[in-house]
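Down below is the structure, laid out as structure tokens.
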2 protein chains.
Amino acid sequence: MAGRPREFDEDKVLEAAMGAFWDNGYESTSLADLVAATGLHKGSLYQAFGDKHSLFIRSLKRYLSDVRAQKTAMLAAAESPLSGVRGLFHGFIDMADAEEDPSKGCLAVKAMTEMAPHDPDVQKVMEEHMAIMQRSIQSQLEKAQAAGELGLEKSPEMVAGLLLVFMNGLATWANAGASAAEAHDLLEGQLNALL
Amino acid sequence: MAGRPREFDEDKVLEAAMGAFWDNGYESTSLADLVAATGLHKGSLYQAFGDKHSLFIRSLKRYLSDVRAQKTAMLAAAESPLSGVRGLFHGFIDMADAEEDPSKGCLAVKAMTEMAPHDPDVQKVMEEHMAIMQRSIQSQLEKAQAAGELGLEKSPEMVAGLLLVFMNGLATWANAGASAAEAHDLLEGQLNALL
DNA sequence: CTAATTTTTGACCGAACGGTAATGAAAAGG
DNA sequence: CCTTTTCATTACCGTTCGGTCAAAAATTAG
């Protein structure tokens, strides 16, 4: 009944594919690049993951859920609700800066700009991710209000939205040459203006 | 000495090419797309503009100088320095929303995310553009301070940077489905927080 | 041991890619 | 009018693209 067992770890392959897409975007990543990155042969990739687009969607989803898991953990470990939010955003910069090539930016931002306009699947995935992130930050800000860390006149929903939009802008900006230090400075300015 | 005259308007062709790149990004725009958009034949395109990359750079530069010219005019016509800044940013949203397909976003943001990381030419062009925009907005904010419209404790340089970064984020966000109305709301929140 | 099932592998496909070179047409200088 | 120069046009180039398919290898169920 059961056939030949797989010789690869599906998750490892997905991570490798994610890295390739992250480096070069969707269109610029060729099947040959994917083959080189994953170590699998073309046929195996297709048999296991379907076509290039499906593989991208799975890679993107993996990226996004990784990010969310990391951010959730960060919030849970924070000293206070507000410091959690601040750390969360500064963590985005550190995350990108820890990559071997920091200027490659953020896969999610790449997906939104390059693909979402003409790819409903990507658009839907990104919409959901952004909504989840927004709710998560909003509820953290509400905790901060309850703890008296944040003025009650501020709208957590609006502030969460502004911070997320700003973060997208920072990721874009980083691609055009901004350093991590500049990014931290700008972010600090934004946080101080909003919180 | 002089040979056969051109049958096309170089600027019109550039604008058509710009539109094609704007719709689909760099990699996804094929030579065939450019031929279709411009009406020229492949050979003529190469003879007149060089290769695809050169044509893109020229299209991008045209886009950016168009934007700057429009924004400069907008600032000059503003009732007050501060209302000029507000109008400038809301104008970005209106500009994108006036396109036949608003979700296609901003060519400059596309260039930054898709190309700047691995294309020094694009990176340089975008760095210069952002620096010019920042200086322009910064000086407008300094005028606002001089006119007493803006608190003297705010740093015009920082505020200008924050607004530009935020705008990039908004352009990205728009690709993932945000409407013009939502964008205006968020922008208003950001302006109110900073000005 | 055999049959059934799944994965791996590499050869192969047509189409589209960016780019070039040769030819033909149109204008200006002499 | 004829040469020169430039542009327009077309046919063509090798390469790479995403994707397929059939055969070989590896495993389990009977």
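Convention: chains lettered A, B, ... in structure tokens order; per-chain residue numbering from 1; ligands numbered from 1 as shown.
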Residues within 12 Å of stretch 142-159 of chain A, please, as a short mmCIF file (atom, residue, chain, number, x, y, z; two decimals) with N, CA and C atoms, in the first residue's frame. Count only C-alpha atoms (C1' of nucleotides); anything in the same chain fewer than 3 positions from it doesn't count.
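After the write, out_11.cif holds the following:
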```cif
data_model
loop_
_atom_site.label_atom_id
_atom_site.label_comp_id
_atom_site.auth_asym_id
_atom_site.auth_seq_id
_atom_site.Cartn_x
_atom_site.Cartn_y
_atom_site.Cartn_z
N LEU A 75 5.49 39.09 22.73
CA LEU A 75 4.51 39.82 23.53
C LEU A 75 4.29 39.13 24.87
N ALA A 78 7.00 39.88 27.35
CA ALA A 78 7.33 41.27 27.62
C ALA A 78 7.08 41.66 29.07
N GLU A 79 7.84 42.63 29.54
CA GLU A 79 7.71 43.11 30.92
C GLU A 79 6.37 43.79 31.14
N SER A 80 5.98 44.57 30.16
CA SER A 80 4.71 45.28 30.26
C SER A 80 4.08 45.32 28.87
N PRO A 81 2.77 45.56 28.80
CA PRO A 81 2.11 45.61 27.49
C PRO A 81 2.77 46.59 26.53
N LEU A 82 3.09 47.77 27.02
CA LEU A 82 3.63 48.79 26.14
C LEU A 82 5.06 48.46 25.69
N SER A 83 5.86 47.96 26.61
CA SER A 83 7.23 47.62 26.21
C SER A 83 7.19 46.44 25.23
N GLY A 84 6.17 45.61 25.37
CA GLY A 84 6.01 44.52 24.42
C GLY A 84 5.80 45.03 23.01
N VAL A 85 4.95 46.04 22.88
CA VAL A 85 4.69 46.61 21.56
C VAL A 85 5.95 47.25 20.98
N ARG A 86 6.61 48.01 21.82
CA ARG A 86 7.84 48.66 21.34
C ARG A 86 8.86 47.61 20.90
N ALA A 131 -4.63 41.67 9.16
CA ALA A 131 -5.75 41.81 10.09
C ALA A 131 -5.42 41.14 11.42
N MET A 133 -2.43 40.59 12.69
CA MET A 133 -1.41 41.40 13.36
C MET A 133 -2.04 42.63 14.01
N GLN A 134 -2.93 43.25 13.27
CA GLN A 134 -3.56 44.47 13.80
C GLN A 134 -4.35 44.16 15.06
N ARG A 135 -5.13 43.10 15.01
CA ARG A 135 -5.92 42.74 16.19
C ARG A 135 -5.02 42.44 17.38
N SER A 136 -3.94 41.75 17.10
CA SER A 136 -3.03 41.38 18.18
C SER A 136 -2.42 42.61 18.84
N ILE A 137 -2.00 43.56 18.02
CA ILE A 137 -1.39 44.77 18.58
C ILE A 137 -2.44 45.63 19.25
N GLN A 138 -3.59 45.68 18.62
CA GLN A 138 -4.68 46.46 19.22
C GLN A 138 -5.01 45.96 20.62
N SER A 139 -5.10 44.65 20.77
CA SER A 139 -5.47 44.13 22.09
C SER A 139 -4.35 44.36 23.10
N LEU A 162 -1.67 52.48 12.42
CA LEU A 162 -0.60 53.42 12.05
C LEU A 162 0.77 52.78 12.21
N LEU A 163 0.94 52.03 13.28
CA LEU A 163 2.24 51.40 13.49
C LEU A 163 2.53 50.35 12.42
N LEU A 164 1.52 49.58 12.06
CA LEU A 164 1.74 48.55 11.05
C LEU A 164 2.05 49.17 9.69
N VAL A 165 1.30 50.18 9.33
CA VAL A 165 1.56 50.85 8.06
C VAL A 165 2.97 51.43 8.07
N PHE A 166 3.31 52.07 9.17
CA PHE A 166 4.65 52.64 9.27
C PHE A 166 5.72 51.56 9.10
N GLN A 190 8.45 57.48 15.68
CA GLN A 190 7.05 57.13 15.45
C GLN A 190 6.39 56.65 16.74
N LEU A 191 7.09 55.79 17.46
CA LEU A 191 6.53 55.27 18.71
C LEU A 191 6.29 56.41 19.70
N ASN A 192 7.23 57.32 19.78
CA ASN A 192 7.07 58.43 20.71
C ASN A 192 5.91 59.34 20.33
N ALA A 193 5.67 59.44 19.05
CA ALA A 193 4.57 60.30 18.60
C ALA A 193 3.22 59.66 18.88
N LEU A 194 3.18 58.33 18.92
CA LEU A 194 1.88 57.66 19.00
C LEU A 194 1.55 57.12 20.39
N LEU A 195 2.57 56.84 21.16
CA LEU A 195 2.27 56.15 22.43
C LEU A 195 2.40 57.10 23.63
N GLU B 182 -10.00 54.30 3.47
CA GLU B 182 -9.21 53.83 4.60
C GLU B 182 -7.85 54.51 4.63
N ALA B 183 -7.26 54.67 3.46
CA ALA B 183 -5.94 55.30 3.40
C ALA B 183 -6.02 56.74 3.89
N ASP B 185 -8.15 57.99 5.97
CA ASP B 185 -8.37 57.95 7.43
C ASP B 185 -7.06 57.73 8.18
N LEU B 186 -6.32 56.72 7.73
CA LEU B 186 -5.05 56.44 8.40
C LEU B 186 -4.10 57.61 8.28
N LEU B 187 -4.02 58.17 7.09
CA LEU B 187 -3.14 59.32 6.90
C LEU B 187 -3.53 60.47 7.82
N GLU B 188 -4.81 60.69 7.95
CA GLU B 188 -5.27 61.77 8.83
C GLU B 188 -4.84 61.49 10.28
N GLY B 189 -4.93 60.24 10.68
CA GLY B 189 -4.47 59.87 12.01
C GLY B 189 -2.99 60.16 12.18
N GLN B 190 -2.22 59.81 11.19
CA GLN B 190 -0.78 60.05 11.26
C GLN B 190 -0.46 61.54 11.29
N ASN B 192 -2.33 63.94 12.31
CA ASN B 192 -2.74 64.51 13.59
C ASN B 192 -1.77 64.15 14.71
N ALA B 193 -1.17 63.00 14.60
CA ALA B 193 -0.22 62.59 15.63
C ALA B 193 1.09 63.37 15.53
#
```
Residues at most 12 Å from stretch 16-18 of chain C, counting only C-alpha atoms (C1' of nucleotides), excluding those fewer than 2 positions away in the same chain, as a ChimeraX atom specification? /B:27-33,42-43,46,50-53 /C:14,20 /D:13-18
Let's have the selection written as a compact mmCIF listing (two decimals), in the first residue's frame, with N, CA and C atoms (P, O5', C5', C4', C3', O3' and C1' of nucleotides).
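Produced file out34.txt, reproduced below:
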```
# COMPACT_ATOMS: atom_id res chain seq x y z
N GLU B 27 10.21 42.75 -13.89
CA GLU B 27 10.41 41.41 -14.43
C GLU B 27 9.20 40.93 -15.21
N SER B 28 8.04 41.26 -14.73
CA SER B 28 6.82 40.75 -15.36
C SER B 28 6.45 41.51 -16.62
N THR B 29 7.13 42.59 -16.88
CA THR B 29 6.86 43.32 -18.12
C THR B 29 7.83 42.83 -19.19
N SER B 30 7.29 42.18 -20.21
CA SER B 30 8.14 41.63 -21.24
C SER B 30 8.39 42.66 -22.34
N LEU B 31 9.37 42.39 -23.15
CA LEU B 31 9.60 43.22 -24.32
C LEU B 31 8.35 43.31 -25.17
N ALA B 32 7.63 42.22 -25.26
CA ALA B 32 6.39 42.21 -26.05
C ALA B 32 5.38 43.18 -25.44
N ASP B 33 5.28 43.21 -24.12
CA ASP B 33 4.38 44.16 -23.45
C ASP B 33 4.77 45.59 -23.81
N LYS B 42 10.41 46.37 -31.80
CA LYS B 42 11.48 46.02 -30.89
C LYS B 42 12.78 46.74 -31.24
N GLY B 43 13.14 46.68 -32.50
CA GLY B 43 14.39 47.29 -32.93
C GLY B 43 14.44 48.78 -32.63
N TYR B 46 15.14 49.49 -29.00
CA TYR B 46 16.55 49.30 -28.64
C TYR B 46 17.42 50.42 -29.19
N GLY B 50 18.11 51.90 -25.81
CA GLY B 50 18.99 50.88 -25.26
C GLY B 50 18.17 49.71 -24.74
N ASP B 51 18.72 48.96 -23.83
CA ASP B 51 18.05 47.73 -23.41
C ASP B 51 16.92 47.99 -22.41
N LYS B 52 16.30 46.90 -22.01
CA LYS B 52 15.12 46.99 -21.14
C LYS B 52 15.44 47.74 -19.85
N HIS B 53 16.59 47.46 -19.30
CA HIS B 53 16.95 48.08 -18.04
C HIS B 53 17.09 49.59 -18.18
P DG C 14 7.45 19.98 -29.12
O5' DG C 14 6.64 21.34 -28.97
C5' DG C 14 5.42 21.36 -28.23
C4' DG C 14 5.23 22.70 -27.57
C3' DG C 14 5.30 23.90 -28.53
O3' DG C 14 4.24 24.77 -28.22
C1' DG C 14 6.86 24.19 -26.76
P DT C 20 22.18 43.20 -27.87
O5' DT C 20 22.14 42.61 -29.34
C5' DT C 20 22.49 41.24 -29.53
C4' DT C 20 22.41 40.89 -31.01
C3' DT C 20 23.01 41.94 -31.95
O3' DT C 20 23.81 41.26 -32.90
C1' DT C 20 20.81 41.43 -32.62
P DC D 13 18.38 31.72 -37.38
O5' DC D 13 19.07 32.10 -36.01
C5' DC D 13 20.11 33.10 -35.98
C4' DC D 13 20.44 33.41 -34.54
C3' DC D 13 20.38 32.18 -33.66
O3' DC D 13 21.69 31.62 -33.54
C1' DC D 13 19.36 34.10 -32.62
P DG D 14 21.90 30.10 -33.18
O5' DG D 14 22.11 30.15 -31.60
C5' DG D 14 23.07 31.03 -31.02
C4' DG D 14 22.73 31.33 -29.57
C3' DG D 14 22.65 30.07 -28.68
O3' DG D 14 23.35 30.35 -27.48
C1' DG D 14 20.60 31.29 -28.56
P DT D 15 23.44 29.26 -26.34
O5' DT D 15 22.38 29.77 -25.28
C5' DT D 15 22.23 31.19 -25.10
C4' DT D 15 21.16 31.48 -24.08
C3' DT D 15 21.05 30.44 -22.95
O3' DT D 15 21.10 31.16 -21.73
C1' DT D 15 18.92 30.85 -23.92
P DT D 16 21.23 30.45 -20.33
O5' DT D 16 19.75 30.52 -19.76
C5' DT D 16 19.08 31.78 -19.72
C4' DT D 16 17.60 31.57 -19.55
C3' DT D 16 17.22 30.60 -18.41
O3' DT D 16 16.50 31.33 -17.44
C1' DT D 16 15.93 30.23 -20.38
P DC D 17 15.96 30.69 -16.12
O5' DC D 17 14.42 30.51 -16.42
C5' DC D 17 13.70 31.67 -16.90
C4' DC D 17 12.34 31.25 -17.41
C3' DC D 17 11.66 30.18 -16.57
O3' DC D 17 11.00 30.79 -15.49
C1' DC D 17 11.40 29.75 -18.91
P DG D 18 10.75 29.91 -14.17
O5' DG D 18 9.40 29.14 -14.50
C5' DG D 18 8.27 29.88 -14.92
C4' DG D 18 7.23 28.92 -15.49
C3' DG D 18 6.74 27.88 -14.49
O3' DG D 18 5.34 27.69 -14.69
C1' DG D 18 7.70 26.81 -16.38
```
Between B:Gln47, B:Ser103, B:Thr38, B:Gln140, which is the closest to chain C once you count only C-alpha atoms (C1' of nucleotides)? B:Gln47
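Picture a line from atom CA of B:Leu60 to atom CA of B:Gly39; it runs 19.4 Å.
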Quick one: distance from atom CA of A:Thr72 to atom CA of A:Met95 in Å, one decimal? 14.6 Å
Give me the residues near stretch 5-7 of chain C as a PyMOL selection string, where near means some atom within 8 Å (using only C-alpha atoms (C1' of nucleotides)) and where sequence neighbours in that chain fewer than 4 positions away do not count. (chain A and resi 1-6+44) or (chain D and resi 26)
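Counting only C-alpha atoms (C1' of nucleotides), every residue of chain D that comes within 7 Å of chain A is listed here: DA26, DT27, DT28 and DA29 of chain D.
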Can you check which residues of chain A have any atom within 6 Å of chain B? Use only C-alpha atoms and format it as a compact mmCIF listing (two decimals) with N, CA and C atoms, in the first residue's frame.
```txt
# COMPACT_ATOMS: atom_id res chain seq x y z
N SER A 103 19.50 44.04 3.13
CA SER A 103 18.78 44.88 2.16
C SER A 103 17.72 44.08 1.40
N LYS A 104 17.65 42.79 1.62
CA LYS A 104 16.63 42.03 0.89
C LYS A 104 15.24 42.28 1.47
N LYS A 110 7.43 42.35 -0.05
CA LYS A 110 7.66 41.99 -1.45
C LYS A 110 6.40 41.39 -2.06
N MET A 112 3.33 41.78 -1.14
CA MET A 112 2.26 42.78 -1.30
C MET A 112 2.47 43.66 -2.51
N THR A 113 3.71 44.09 -2.72
CA THR A 113 3.94 45.03 -3.81
C THR A 113 4.04 44.32 -5.16
N ALA A 116 0.41 41.03 -4.88
CA ALA A 116 -0.97 41.22 -4.43
C ALA A 116 -1.86 41.94 -5.45
N PRO A 117 -1.34 42.95 -6.16
CA PRO A 117 -2.22 43.68 -7.08
C PRO A 117 -2.89 42.79 -8.14
N GLN A 123 -3.19 38.30 -2.23
CA GLN A 123 -3.91 39.41 -1.61
C GLN A 123 -4.69 38.93 -0.39
N VAL A 165 1.30 50.18 9.33
CA VAL A 165 1.56 50.85 8.06
C VAL A 165 2.97 51.43 8.07
N PHE A 166 3.31 52.07 9.17
CA PHE A 166 4.65 52.64 9.27
C PHE A 166 5.72 51.56 9.10
N ASN A 168 5.55 48.79 7.42
CA ASN A 168 5.66 48.47 6.00
C ASN A 168 6.50 49.49 5.28
N GLY A 169 6.31 50.74 5.62
CA GLY A 169 7.09 51.79 4.99
C GLY A 169 8.57 51.67 5.32
N LEU A 170 8.84 51.30 6.55
CA LEU A 170 10.23 51.15 6.98
C LEU A 170 10.89 50.01 6.22
N THR A 172 10.15 49.03 3.24
CA THR A 172 10.39 49.52 1.89
C THR A 172 11.62 50.42 1.85
N ASN A 175 15.01 48.88 1.80
CA ASN A 175 15.47 48.38 0.51
C ASN A 175 16.26 49.42 -0.26
N ALA A 176 15.93 50.68 -0.02
CA ALA A 176 16.59 51.75 -0.76
C ALA A 176 17.82 52.27 -0.02
```
